[in-house]
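Have a look at start_39.cif; it's mmCIF, C-alpha atoms and all ligand atoms; chains and numbers go by the auth columns:
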data_input
#
loop_
_atom_site.group_PDB
_atom_site.id
_atom_site.type_symbol
_atom_site.label_atom_id
_atom_site.label_comp_id
_atom_site.label_asym_id
_atom_site.label_seq_id
_atom_site.Cartn_x
_atom_site.Cartn_y
_atom_site.Cartn_z
_atom_site.B_iso_or_equiv
_atom_site.auth_seq_id
_atom_site.auth_asym_id
ATOM 1 C CA MET A 1 66.670 -40.173 103.913 0.00 783 A
ATOM 2 C CA GLY A 2 66.370 -39.306 100.253 0.00 784 A
ATOM 3 C CA LYS A 3 62.710 -38.225 100.071 0.00 785 A
ATOM 4 C CA THR A 4 63.504 -34.907 98.418 0.00 786 A
ATOM 5 C CA ALA A 5 66.088 -36.486 96.102 0.00 787 A
ATOM 6 C CA ILE A 6 63.521 -39.108 95.051 0.00 788 A
ATOM 7 C CA ALA A 7 60.876 -36.415 94.377 0.00 789 A
ATOM 8 C CA ILE A 8 63.292 -34.456 92.176 0.00 790 A
ATOM 9 C CA ASN A 9 64.402 -37.560 90.310 0.00 791 A
ATOM 10 C CA ALA A 10 60.807 -38.779 89.849 0.00 792 A
ATOM 11 C CA ALA A 11 59.955 -35.362 88.354 0.00 793 A
ATOM 12 C CA GLY A 12 63.010 -35.609 86.098 0.00 794 A
ATOM 13 C CA ALA A 13 62.028 -39.105 84.959 0.00 795 A
ATOM 14 C CA LEU A 14 58.522 -37.892 84.033 0.00 796 A
ATOM 15 C CA ILE A 15 60.025 -34.980 82.081 0.00 797 A
ATOM 16 C CA ALA A 16 62.322 -37.412 80.269 0.00 798 A
ATOM 17 C CA ARG A 17 59.158 -39.268 79.203 0.00 799 A
ATOM 18 C CA GLY A 18 57.722 -36.080 77.744 0.00 800 A
ATOM 19 C CA ARG A 19 55.362 -35.068 80.573 0.00 801 A
ATOM 20 C CA ASP A 20 54.837 -31.471 81.683 0.00 802 A
ATOM 21 C CA VAL A 21 55.620 -31.310 85.413 0.00 803 A
ATOM 22 C CA LEU A 22 54.537 -28.881 88.127 0.00 804 A
ATOM 23 C CA PHE A 23 56.758 -29.564 91.129 0.00 805 A
ATOM 24 C CA VAL A 24 54.994 -28.439 94.348 0.00 806 A
ATOM 25 C CA ASP A 25 57.388 -27.950 97.268 0.00 807 A
ATOM 26 C CA LEU A 26 55.295 -28.031 100.472 0.00 808 A
ATOM 27 C CA ASP A 27 58.229 -28.591 102.824 0.00 809 A
ATOM 28 C CA PRO A 28 59.056 -25.459 104.881 0.00 810 A
ATOM 29 C CA GLN A 29 62.727 -26.470 104.611 0.00 811 A
ATOM 30 C CA GLY A 30 62.509 -25.669 100.895 0.00 812 A
ATOM 31 C CA ASN A 31 65.234 -28.179 100.019 0.00 813 A
ATOM 32 C CA ALA A 32 63.613 -29.159 96.730 0.00 814 A
ATOM 33 C CA THR A 33 63.203 -25.522 95.664 0.00 815 A
ATOM 34 C CA GLU A 34 66.822 -24.843 96.605 0.00 816 A
ATOM 35 C CA ASN A 35 68.140 -28.023 94.982 0.00 817 A
ATOM 36 C CA LEU A 36 66.347 -27.072 91.761 0.00 818 A
ATOM 37 C CA GLY A 37 68.384 -23.846 91.739 0.00 819 A
ATOM 38 C CA LEU A 38 65.555 -21.528 92.869 0.00 820 A
ATOM 39 C CA ARG A 39 66.950 -20.214 96.165 0.00 821 A
ATOM 40 C CA GLU A 40 65.633 -16.699 95.397 0.00 822 A
ATOM 41 C CA ALA A 41 62.102 -18.125 95.132 0.00 823 A
ATOM 42 C CA TYR A 42 62.421 -19.644 98.592 0.00 824 A
ATOM 43 C CA ASP A 43 63.610 -16.308 99.980 0.00 825 A
ATOM 44 C CA SER A 44 60.955 -14.220 98.209 0.00 826 A
ATOM 45 C CA GLU A 45 58.270 -12.129 99.896 0.00 827 A
ATOM 46 C CA PRO A 46 54.888 -13.527 101.048 0.00 828 A
ATOM 47 C CA PRO A 47 52.336 -14.752 100.225 0.00 829 A
ATOM 48 C CA SER A 48 53.624 -18.278 100.559 0.00 830 A
ATOM 49 C CA LEU A 49 51.776 -21.334 99.290 0.00 831 A
ATOM 50 C CA PHE A 50 50.574 -21.921 102.884 0.00 832 A
ATOM 51 C CA ASP A 51 49.187 -18.360 103.034 0.00 833 A
ATOM 52 C CA ILE A 52 47.253 -18.841 99.804 0.00 834 A
ATOM 53 C CA LEU A 53 45.923 -22.322 100.555 0.00 835 A
ATOM 54 C CA SER A 54 44.738 -21.258 104.008 0.00 836 A
ATOM 55 C CA ASP A 55 43.037 -18.008 102.925 0.00 837 A
ATOM 56 C CA SER A 56 40.184 -18.439 100.452 0.00 838 A
ATOM 57 C CA GLU A 57 40.298 -14.737 99.544 0.00 839 A
ATOM 58 C CA GLN A 58 43.858 -15.115 98.250 0.00 840 A
ATOM 59 C CA ARG A 59 43.338 -18.403 96.427 0.00 841 A
ATOM 60 C CA ASP A 60 43.271 -16.906 92.923 0.00 842 A
ATOM 61 C CA ARG A 61 46.823 -15.612 93.499 0.00 843 A
ATOM 62 C CA ILE A 62 48.277 -19.121 93.391 0.00 844 A
ATOM 63 C CA GLY A 63 49.607 -18.590 89.870 0.00 845 A
ATOM 64 C CA GLU A 64 51.950 -15.905 91.247 0.00 846 A
ATOM 65 C CA LEU A 65 53.893 -18.619 93.065 0.00 847 A
ATOM 66 C CA VAL A 66 54.711 -20.697 89.994 0.00 848 A
ATOM 67 C CA ARG A 67 58.305 -20.296 88.838 0.00 849 A
ATOM 68 C CA GLU A 68 59.501 -21.354 85.434 0.00 850 A
ATOM 69 C CA HIS A 69 62.407 -23.773 85.412 0.00 851 A
ATOM 70 C CA GLU A 70 64.414 -24.982 82.434 0.00 852 A
ATOM 71 C CA GLU A 71 62.934 -28.457 82.896 0.00 853 A
ATOM 72 C CA MET A 72 59.760 -28.039 84.986 0.00 854 A
ATOM 73 C CA SER A 73 57.571 -25.462 86.701 0.00 855 A
ATOM 74 C CA VAL A 74 57.955 -25.105 90.471 0.00 856 A
ATOM 75 C CA THR A 75 55.585 -23.877 93.178 0.00 857 A
ATOM 76 C CA ARG A 76 57.547 -23.277 96.301 0.00 858 A
ATOM 77 C CA ARG A 77 56.625 -22.857 99.917 0.00 859 A
ATOM 78 C CA SER A 78 58.584 -19.844 101.115 0.00 860 A
ATOM 79 C CA SER A 79 60.378 -19.614 104.438 0.00 861 A
ATOM 80 C CA THR A 80 57.908 -17.029 105.731 0.00 862 A
HETATM 81 N N1 LIG B . 70.743 -42.130 96.612 0.00 1 B
HETATM 82 C C1 LIG B . 71.553 -41.277 97.255 0.00 1 B
HETATM 83 N N2 LIG B . 72.885 -41.453 97.255 0.00 1 B
HETATM 84 C C2 LIG B . 73.700 -40.621 97.913 0.00 1 B
HETATM 85 N N3 LIG B . 73.307 -39.521 98.585 0.00 1 B
HETATM 86 C C3 LIG B . 71.998 -39.279 98.607 0.00 1 B
HETATM 87 C C4 LIG B . 71.055 -40.140 97.950 0.00 1 B
HETATM 88 N N4 LIG B . 69.801 -39.644 98.156 0.00 1 B
HETATM 89 C C5 LIG B . 69.970 -38.524 98.900 0.00 1 B
HETATM 90 N N5 LIG B . 71.280 -38.310 99.173 0.00 1 B
HETATM 91 C C6 LIG B . 71.817 -37.207 99.981 0.00 1 B
HETATM 92 O O1 LIG B . 71.329 -37.357 101.314 0.00 1 B
HETATM 93 C C7 LIG B . 70.992 -36.077 101.847 0.00 1 B
HETATM 94 C C8 LIG B . 69.533 -36.072 102.262 0.00 1 B
HETATM 95 O O2 LIG B . 68.739 -36.311 101.112 0.00 1 B
HETATM 96 P P1 LIG B . 67.306 -35.653 100.950 0.00 1 B
HETATM 97 O O3 LIG B . 67.390 -34.178 101.173 0.00 1 B
HETATM 98 O O4 LIG B . 66.734 -36.123 99.655 0.00 1 B
HETATM 99 O O5 LIG B . 66.574 -36.376 102.172 0.00 1 B
HETATM 100 P P2 LIG B . 65.156 -36.101 102.832 0.00 1 B
HETATM 101 O O6 LIG B . 64.610 -37.423 103.185 0.00 1 B
HETATM 102 O O7 LIG B . 64.327 -35.245 101.931 0.00 1 B
HETATM 103 O O8 LIG B . 65.577 -35.311 104.144 0.00 1 B
HETATM 104 P P3 LIG B . 64.651 -34.414 105.102 0.00 1 B
HETATM 105 O O9 LIG B . 63.924 -35.372 106.000 0.00 1 B
HETATM 106 O O10 LIG B . 65.657 -33.563 105.846 0.00 1 B
HETATM 107 O O11 LIG B . 63.733 -33.614 104.233 0.00 1 B
HETATM 108 C C9 LIG B . 71.309 -35.034 100.783 0.00 1 B
HETATM 109 O O12 LIG B . 72.569 -34.476 101.043 0.00 1 B
HETATM 110 C C10 LIG B . 71.326 -35.846 99.497 0.00 1 B
HETATM 111 O O13 LIG B . 72.203 -35.279 98.547 0.00 1 B
HETATM 112 MG MG MG B . 63.490 -33.359 102.245 0.00 2 B
#
The structure in this file should be written as structure tokens.
Amino acid sequence: MGKTAIAINAAGALIARGRDVLFVDLDPQGNATENLGLREAYDSEPPSLFDILSDSEQRDRIGELVREHEEMSVTRRSST
């Protein structure tokens, strides 16, 4: 219990120390994406991070998955 909460708080602690953070949510549950207030990113259309990582022809599209957040950037794994 608490893995996702720890990941979010670790990211927050790094931000508090002045680091730029890219939070990569690889869990199909998408709890971290949702808990960071980005539910619409979780629900958005493919390609998902899995699609892009598993298809070399799509790999240069990875930047499309990054969402800006008021504290950090987030790459989410969508539900599809
Ligand atoms: N330190 C804590 N104190 C109280 N509640 C907590 C704490 N850490 C997590 N929780 C709560 O426990 C629940 C599960 O936490 P979290 O989602 O971080 O667990 P998880 O290990 O990622 O779970 P899963 O295996 O389902 O991904 C959430 O409702 C969260 O708010
Ligand atoms: Mg979790």
List the residues selected by the PyMOL selection byres (((chain A and resi 786) around 12) and not hetatm) in the file shown, writing them as a list of chain:residue names. A:Met783, A:Gly784, A:Lys785, A:Ala787, A:Ile788, A:Ala789, A:Ile790, A:Asn791, A:Ala792, A:Ala793, A:Phe805, A:Val806, A:Asp807, A:Leu808, A:Asp809, A:Gln811, A:Gly812, A:Asn813, A:Ala814, A:Thr815, A:Glu816, A:Asn817, A:Leu818
Distance of atom CA of A:Glu839 from atom CA of A:Ser826, expressed in Å to one decimal place: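 So the answer is 20.7 Å.
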Once the PyMOL selection byres (((chain A and resi 834) around 12) and not hetatm) is applied to the coordinates I shared, what remains selected? I want it as a count of residues only. 23
What does the distance between atom CA of A:Leu804 and atom CA of A:Val848 come to in Å, to one decimal place? 8.4 Å
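Picture a line from atom C10 of ligand LIG 1 (chain B) to atom CA of A:Ser855; it runs 21.5 Å.
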Close residues, A:Glu852 itself excluded, 12 Å, all atoms listed in the file, min 3 positions apart in chain, as a list in words: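 Near A:Glu852, the qualifying residues are Gly794, Ile797, Asp802, Val803, Leu818, Gly819, Leu820, Arg849, Ser855 and Val856 of chain A.
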One residue among A:Arg801, A:Leu796, A:His851, A:Pro810 is nearest to ligand MG 2 (chain B) when using all atoms listed in the file, and that residue is A:Pro810
Just need the box for ligand LIG 1 (chain B), edges along x, y and z, holding every atom the file lists for it with 4 Å tacked onto each side, so centre and edge lengths in Å to one decimal, as JSON.
{"center_x": 68.7, "center_y": -37.8, "center_z": 101.3, "size_x": 18.0, "size_y": 16.6, "size_z": 17.4}
